[in-house]
Amino acid sequence: MSGRDSGVAEVTDLAAVGIRRAGRPGIDFWTLLGTPAMLVVLVAFGVPLFMVVYKSATDPGLVNYTDVMGDPVFRKSLFKTIEIAVAATLAALLLGYPYAYVMARSGRWMRSFLLVALMVSFWTSLLIRTFAWQVLLQNTGVINTELKRLGLIDTPLPIIRNEFAALVGMTQMLAPFLILAVYALIRAIPPELEQAAMGMGARRSTMFRTVVLPLSMPGVAAGCVLVFVLALGFYITPQVLGGPSERMVGQSIAEAVHAFVRPGLACAMAVILLLLVGLVLAATARFMRLSDILKMGSMSE
Amino acid sequence: MTQSQEETFVKGRAGADIEIRHASHSYGPTLVVDDITFSADAGEIVTLLGPSGSGKTTLLRMIAGFVPARRGSILVGGSDVTALPVHRRNIGMVFQNYALFPHLNVRDNIAYPLARAKVRRAARPSIVAEALDAVRLPGVEERMPSQLSGGQQQRIALARAIVNRPRLVLMDEPLGALDRRLRESLQVEIVRIAREFGLTVVNVTHDQEEAFTISDKIAVLSHGKLLQYGPPEDLFRAPGSVEVADFLGESNVLHGVVELGREGHRLRRGDDLVLLTDQHVRSAGLVPGQDVVVVVRSWSARLVPLEDARTQRGRSWVRARIAAVLFTGDSRKIVLHSQQGETLSVRYTIDAEIPGVQGDEVAVQWDPSLGVVTSARTSPQEGDR
Amino acid sequence: MNAGLFSRTIAVVVALLLAAPTIVIAATSFTSGVIITFPPKGFSMRWYEEIFGDRAWRDAFVTSFTTGILAAVIAMVIGTLLAFMAARGRLVPRSLVATLAMTPMIVPLVVAGIGFYMAYVHTSLYNHITSLALAHAMLGVPFCFLNVLAALTAVDPRVEEAASICGAGKLTVIATVTVPLVLPSAVAGGLFAFVTSWDEVVVATLLATPTLRTLPILFLSQLREGLEPSTSAAATVITLLTIVLLVIAGLLSRRQRGRST
């Protein structure tokens with residue numbers, strides 16, 4: 001039989017399977033059941049989100065935005081946020097890519113070791129990891145104490161309350177997302193492809209550049225977007241590990257809320273952060289499916 | 001349900017007869033089931049046979065109630081079930097991919113229809129055990145479906161389909177996912193179980209061998225239409241159309257114009273002698289000058305030397321050159337090219353001697369009464385009516 | 001094809017960096033000394049005894065656990081219903097339902113947090129555990145939604161048909177076949193939702209009051225005051241519960257996958 005005929009069969013089968021898809025229009029059972037759930041999300045999440053936007057423009061007015069953007073501290077934190085997010089994304093990529101590659105292309109023991117390390121870190125909450133880095137990095141912390149005991153240094157190394165510490169902490173927290181995103185894609189590349197390239201005389205570096213890198217690019221892109229967007233919202237880690245100049249937008253918002261002199265101001269800041277995230281995602285959506293990125297975020301947590 | 005039916009897996013309560021009247025279903029502008037009518041007696045095994053896209057599965061799903069009948073009606077045991085929802089039809093069904101409940105063990109799978117029919121909980125285990133005995137797989141109650149092989153899963157599916165003693169059992173390519181050996185042994189099993197419990201079965205397949213093995217009646221479907229319906233023997237001996245003949249086995253299709261010769265009616269085909277019997281002329285209403293096709297089964301044709309063919313009386317033959325002799329496992333297939341440019345095939349058993357080798361010119365010869373003749377102008381299914 | 005030596009070295013170093021914080025915390029929590037040192041001095045459970053004996057930690061534990069359970073149950077119900085609606089409802093387009101269910105995942109926590117605070121502060125829910133649970137439930141909805149949607153797409157429609165031809169009406173099919181088949185995924189999603197709530201500090205900080213404090217909040221305030229081995233002990237307890245729950249969630253998902261194939 002011709003392909004067209006089997007196509008018809010498939011279409012009819014799909015229709016046939018639909019004890020639910022076919023049938024009369026109007027409200028169906030699942031819509032009826034799902035509508036209250038939708039309403040709960042709209043009320044419990046949509047309304048709060050709407051209030052942020054609404055208050056930012058009405059309490060007392062759009063002057064919130066001019067005030068916020070006129071505030072040098074906020075402006076600085078905005079640029080710092082982007083700067084740190086970019087730096088953390090790059091660091092996560094540089095460290096995470098080889099990690100994902102080795103995890104996908106090595107024996108059972110190595111893979112298990114890397115996977116366990118990844119999961120242990122993933123499953124420890126961000127707050128606790130922040131605390132741990134504090135324990136490790138502070139002047140009386142593990143690293144400085146050990147180095148002093150070994151006689152390598154006299155005065156503690158300046159490895160806390162600065163951008164370095166903030167970046168170390170954030171990179172360690174964000175790299176796992178990137179690793180998982182890239183790992184999923186490298187696993188999908190048949191190893192034979194690499195063997196074939198090497199068999200045809202390509203050097204390892206050439207093979208990597210012409211085979212693995214292009215094929216894993218979607219994972220890299222998804223991972224980077226995810227990490228960058230998450231980094232934009234970070235503030236507790238840079239606040240605890242960084243110095244006064246590592247002030248993120250999130251911190252400004254949280255402080256503005258706690259002070260609560262002008263809620264509209266905090267809301268305006270929140271909207272600006274939201275816009276920033278939205279811009280990144282909208283730009284991404286032009287060349288990849290957002291749901292793919294979000295799935296990566298969910299498989300992790 | 002009466003007490004006795006509840007308590008045991010009663011033998012002998014037979015399935016019901018079934019009648020399909022003008023059943024039609026369309027998807028969009030395409031009629032996938034087109035005015036199909038046939039009936040079967042209680043206890044018969046009916047097979048809907050056809051290629052993919054023929055509408056056989058849709059028809060089966062209409063009988064089950066998954067697909068609504070746009071027109072026509074379906075009667076089981078004399079009562080119209082067309083408007084009845086699926087779960088009220090008292091029909092058992094076996095699916096190609098088994099469709100066992102993956103979260104339930106074998107016992108709960110088979111007891112599922114019993115639970116829906118409100119059979120007392122205490123009575124269920126013994127009924128399940130009887131059903132398992134019937135499919136010759138006793139003692140696997142505690143296993144999960146994923147722990148069973150494909151053949152075993154299909155037996156469980158069969159047990160589930162018959163445990164409630166339904167009026168009708170539907171099978172949607174039940175053996176399609178199994179390998180050949182298993183398929184053949186399960187074909188025998190299905191017939192045995194159907195006979196033992198007097199089940200009425202409607203089976204769907206595209207495998208004509210399976211259809212012939214298990215069926216009392218075969219309905220040949222193509223493009224949503226019922227081409228022919230009847231016992232396998234009748235279909236095989238007297239296919240009503242080229243399409244049916246073609247589908248029921250490998251055959252050769254020969255075109256030609258009817259003419260009246262010395263020997264009676266024949267095809268005008270140069271050297272070749274393609275005789276038409278009086279039976280052909282009468283039933284197809286043939287007149288000289290008409291374009292017709294003659295279908296000859298590959299197993300019905302033999303090869304003979306050309307000179308022998310010319311001297312033998314009363315047999316049809318076509319001159320052809322042997323293009324290849326193929327060994328196909330259980331038989332030999334000889335591929336030939338006729339002078340008219342048709343590709344022909346003739347089947348021989350493995351140990352038979354073949355009168356010729358590749359490149360030889362021979363005659364493909366057959367008994368004219370084994371050929372099927374239809375008019376070439378009208379489409380086969382219309383010619384059938 | 002194995003990776004080269006250079007990349008393997010990087011991987012091992014990064015692995016150590018990834019695991020180091022958790023290991024250091026777990027190790028220091030067993031110290032018998034009064035300050036955090038690594039390697040720890042001696043071995044004792046005194047800091048665990050201290051946090052379990054401390055009312056503030058105990059209350060916070062109870063608050064966190066209750067919030068987590070509530071949030072997980074709400075997220076599970078809402079996420080599951082939305083997944084069914086997206087997969088099988090006919091009225092609202094699937095993409096619209098999915099967008100609604102997934103949005104909590106892309107909104108930065110601090111932005112959502114302000115919203116929650118402003119919306120809830122004037123209601124009777126404020127300063128009550130349900131406000132926090134509801135907010136956390138919203139953060140958990142995407143996990144439950146995605147998990148159940150994936151499971152639902154994997155359910156073989158023929159299995160549901162088999163149930164209906166066995167005599168089950170529509171609701172019975174759902175109750176005896178569909179729901180049991182997606183339940184493991186829903187529970188796995190619920191566990192993710194619990195862990196999200198259990199670890200969450202940004203929204204919690206904004207909704208917290210002196211009488212409503214979760215473990216992470218108490219933890220954060222200790223972090224700002226100064227580090228003690230008891231902090232390590234609390235961190236270890238929090239992490240241990242998280243790991244146990246996530247391993248269970250992983251096993252549930254694996255079982256689900258095993259079934260659908």
# chains A, B, ... in the order shown; residues from 1 in each chain; ligands from 1
>>> select_by_dssp(residues="stretch 29-138 of chain C", states="alpha helix (DSSP H)", output="PyMOL selection string")
chain C and resi 46-53+55-88+94-106+109-120+129-138
>>> interface_residues(of="chain B", to="chain A", cutoff="7 Å", atoms="only C-alpha atoms", output="VMD selection string")
chain B and resid 27 51 to 53 66 to 67
>>> residues_around(residues="A:Val86", least_positions_apart="4", cutoff="12 Å", atoms="only C-alpha atoms", output="MDAnalysis selection string")
chainID A and resid 79:82 90:93 167 170:171 174 224:232
>>> write_last_selection(atoms="all heavy atoms", output="compact mmCIF listing (two decimals), in the first residue's frame")
# COMPACT_ATOMS: atom_id res chain seq x y z
N PHE A 79 24.53 47.14 37.25
CA PHE A 79 25.67 46.78 36.40
C PHE A 79 26.49 45.65 37.03
O PHE A 79 26.96 44.76 36.35
CB PHE A 79 26.54 48.01 36.13
CG PHE A 79 25.84 49.02 35.27
CD1 PHE A 79 25.77 50.36 35.64
CD2 PHE A 79 25.21 48.63 34.09
CE1 PHE A 79 25.11 51.29 34.85
CE2 PHE A 79 24.54 49.55 33.29
CZ PHE A 79 24.49 50.88 33.67
N LYS A 80 26.63 45.75 38.36
CA LYS A 80 27.41 44.72 39.06
C LYS A 80 26.73 43.36 38.89
O LYS A 80 27.38 42.34 38.68
CB LYS A 80 27.50 45.07 40.55
CG LYS A 80 28.60 44.33 41.27
CD LYS A 80 29.94 44.89 40.85
CE LYS A 80 31.07 44.03 41.39
NZ LYS A 80 32.37 44.53 40.88
N THR A 81 25.39 43.36 38.97
CA THR A 81 24.65 42.11 38.82
C THR A 81 24.93 41.47 37.46
O THR A 81 25.25 40.28 37.38
CB THR A 81 23.13 42.37 38.95
OG1 THR A 81 22.89 42.98 40.20
CG2 THR A 81 22.35 41.08 38.83
N ILE A 82 24.85 42.31 36.43
CA ILE A 82 25.10 41.78 35.08
C ILE A 82 26.54 41.29 34.97
O ILE A 82 26.82 40.20 34.46
CB ILE A 82 24.78 42.85 34.02
CG1 ILE A 82 23.29 43.17 34.07
CG2 ILE A 82 25.19 42.37 32.63
CD1 ILE A 82 22.88 44.35 33.22
N LEU A 90 30.44 32.41 32.61
CA LEU A 90 31.67 32.01 31.91
C LEU A 90 32.47 31.00 32.72
O LEU A 90 32.93 29.98 32.20
CB LEU A 90 32.53 33.24 31.61
CG LEU A 90 32.05 34.10 30.45
CD1 LEU A 90 32.96 35.30 30.26
CD2 LEU A 90 31.98 33.26 29.17
N ALA A 91 32.60 31.28 34.02
CA ALA A 91 33.36 30.36 34.87
C ALA A 91 32.69 28.99 34.92
O ALA A 91 33.34 27.95 34.83
CB ALA A 91 33.50 30.94 36.27
N ALA A 92 31.36 29.00 35.03
CA ALA A 92 30.63 27.73 35.08
C ALA A 92 30.84 26.96 33.78
O ALA A 92 30.98 25.74 33.78
CB ALA A 92 29.15 27.99 35.32
N LEU A 93 30.88 27.68 32.67
CA LEU A 93 31.07 27.03 31.37
C LEU A 93 32.47 26.43 31.27
O LEU A 93 32.65 25.27 30.87
CB LEU A 93 30.83 28.04 30.25
CG LEU A 93 31.00 27.49 28.83
CD1 LEU A 93 29.98 26.40 28.57
CD2 LEU A 93 30.84 28.60 27.80
N LEU A 167 32.31 35.07 43.48
CA LEU A 167 32.32 34.30 42.23
C LEU A 167 32.54 32.81 42.47
O LEU A 167 31.90 31.97 41.83
CB LEU A 167 33.41 34.84 41.31
CG LEU A 167 32.95 35.88 40.30
CD1 LEU A 167 34.11 36.35 39.46
CD2 LEU A 167 31.84 35.30 39.43
N MET A 170 29.23 31.45 43.73
CA MET A 170 28.18 31.39 42.72
C MET A 170 28.50 30.36 41.64
O MET A 170 27.61 29.65 41.16
CB MET A 170 27.97 32.77 42.09
CG MET A 170 27.18 33.69 43.00
SD MET A 170 26.91 35.31 42.29
CE MET A 170 25.82 34.91 40.94
N THR A 171 29.76 30.31 41.23
CA THR A 171 30.13 29.35 40.20
C THR A 171 29.87 27.93 40.68
O THR A 171 29.32 27.09 39.96
CB THR A 171 31.61 29.50 39.83
OG1 THR A 171 31.85 30.86 39.49
CG2 THR A 171 31.97 28.61 38.67
N LEU A 174 26.18 27.30 40.47
CA LEU A 174 25.52 27.33 39.17
C LEU A 174 26.07 26.29 38.20
O LEU A 174 25.36 25.84 37.30
CB LEU A 174 25.64 28.73 38.56
CG LEU A 174 24.86 29.78 39.35
CD1 LEU A 174 25.22 31.18 38.88
CD2 LEU A 174 23.37 29.54 39.20
N CYS A 224 23.86 27.87 29.54
CA CYS A 224 24.33 29.22 29.81
C CYS A 224 23.16 30.16 30.10
O CYS A 224 23.21 30.96 31.04
CB CYS A 224 25.13 29.76 28.62
SG CYS A 224 26.79 29.08 28.56
N VAL A 225 22.10 30.04 29.31
CA VAL A 225 20.94 30.90 29.54
C VAL A 225 20.37 30.64 30.93
O VAL A 225 20.09 31.57 31.70
CB VAL A 225 19.86 30.67 28.46
CG1 VAL A 225 18.59 31.40 28.83
CG2 VAL A 225 20.38 31.12 27.11
N LEU A 226 20.22 29.35 31.24
CA LEU A 226 19.67 28.98 32.54
C LEU A 226 20.53 29.55 33.67
O LEU A 226 20.03 30.19 34.60
CB LEU A 226 19.59 27.46 32.64
CG LEU A 226 18.97 26.89 33.90
CD1 LEU A 226 17.50 27.25 33.95
CD2 LEU A 226 19.14 25.38 33.94
N VAL A 227 21.83 29.34 33.58
CA VAL A 227 22.75 29.80 34.62
C VAL A 227 22.72 31.33 34.73
O VAL A 227 22.66 31.89 35.82
CB VAL A 227 24.18 29.30 34.31
CG1 VAL A 227 25.20 30.05 35.14
CG2 VAL A 227 24.27 27.80 34.56
N PHE A 228 22.72 31.99 33.59
CA PHE A 228 22.73 33.45 33.59
C PHE A 228 21.47 34.00 34.26
O PHE A 228 21.52 34.89 35.11
CB PHE A 228 22.85 33.96 32.15
CG PHE A 228 22.97 35.46 32.06
CD1 PHE A 228 24.14 36.09 32.45
CD2 PHE A 228 21.92 36.23 31.59
CE1 PHE A 228 24.26 37.47 32.37
CE2 PHE A 228 22.03 37.60 31.51
CZ PHE A 228 23.20 38.22 31.90
N VAL A 229 20.31 33.44 33.88
CA VAL A 229 19.05 33.91 34.44
C VAL A 229 18.99 33.66 35.95
O VAL A 229 18.57 34.52 36.72
CB VAL A 229 17.87 33.23 33.72
CG1 VAL A 229 16.58 33.43 34.48
CG2 VAL A 229 17.73 33.76 32.31
N LEU A 230 19.46 32.49 36.35
CA LEU A 230 19.48 32.19 37.79
C LEU A 230 20.41 33.15 38.51
O LEU A 230 20.11 33.65 39.60
CB LEU A 230 19.93 30.74 38.03
CG LEU A 230 18.91 29.66 37.69
CD1 LEU A 230 19.53 28.28 37.84
CD2 LEU A 230 17.68 29.78 38.58
N ALA A 231 21.57 33.44 37.90
CA ALA A 231 22.57 34.31 38.53
C ALA A 231 22.00 35.72 38.74
O ALA A 231 22.31 36.37 39.74
CB ALA A 231 23.84 34.37 37.68
N LEU A 232 21.17 36.16 37.79
CA LEU A 232 20.60 37.50 37.93
C LEU A 232 19.80 37.65 39.22
O LEU A 232 19.74 38.72 39.81
CB LEU A 232 19.69 37.82 36.73
CG LEU A 232 20.37 38.06 35.39
CD1 LEU A 232 19.34 38.33 34.30
CD2 LEU A 232 21.34 39.23 35.48
>>> interface_residues(of="chain C", to="chain B", cutoff="6 Å", atoms="only C-alpha atoms", output="number ranges by chain")
C: 158-159, 164-169
>>> residues_around(residues="stretch 270-285 of chain A", least_positions_apart="6", cutoff="8 Å", atoms="only C-alpha atoms", output="ChimeraX atom specification")
/A:52-53,56,225,229,232-233,249-250,253 /C:106-108,110-111
>>> closest_residue(among="C:Leu5, C:Ile238, C:Val13, C:Leu206", to="C:Asn127", atoms="only C-alpha atoms")
C:Leu206
>>> atom_distance(atom1="atom CA of A:Arg161", atom2="atom CA of A:Ala85")
17.4 Å
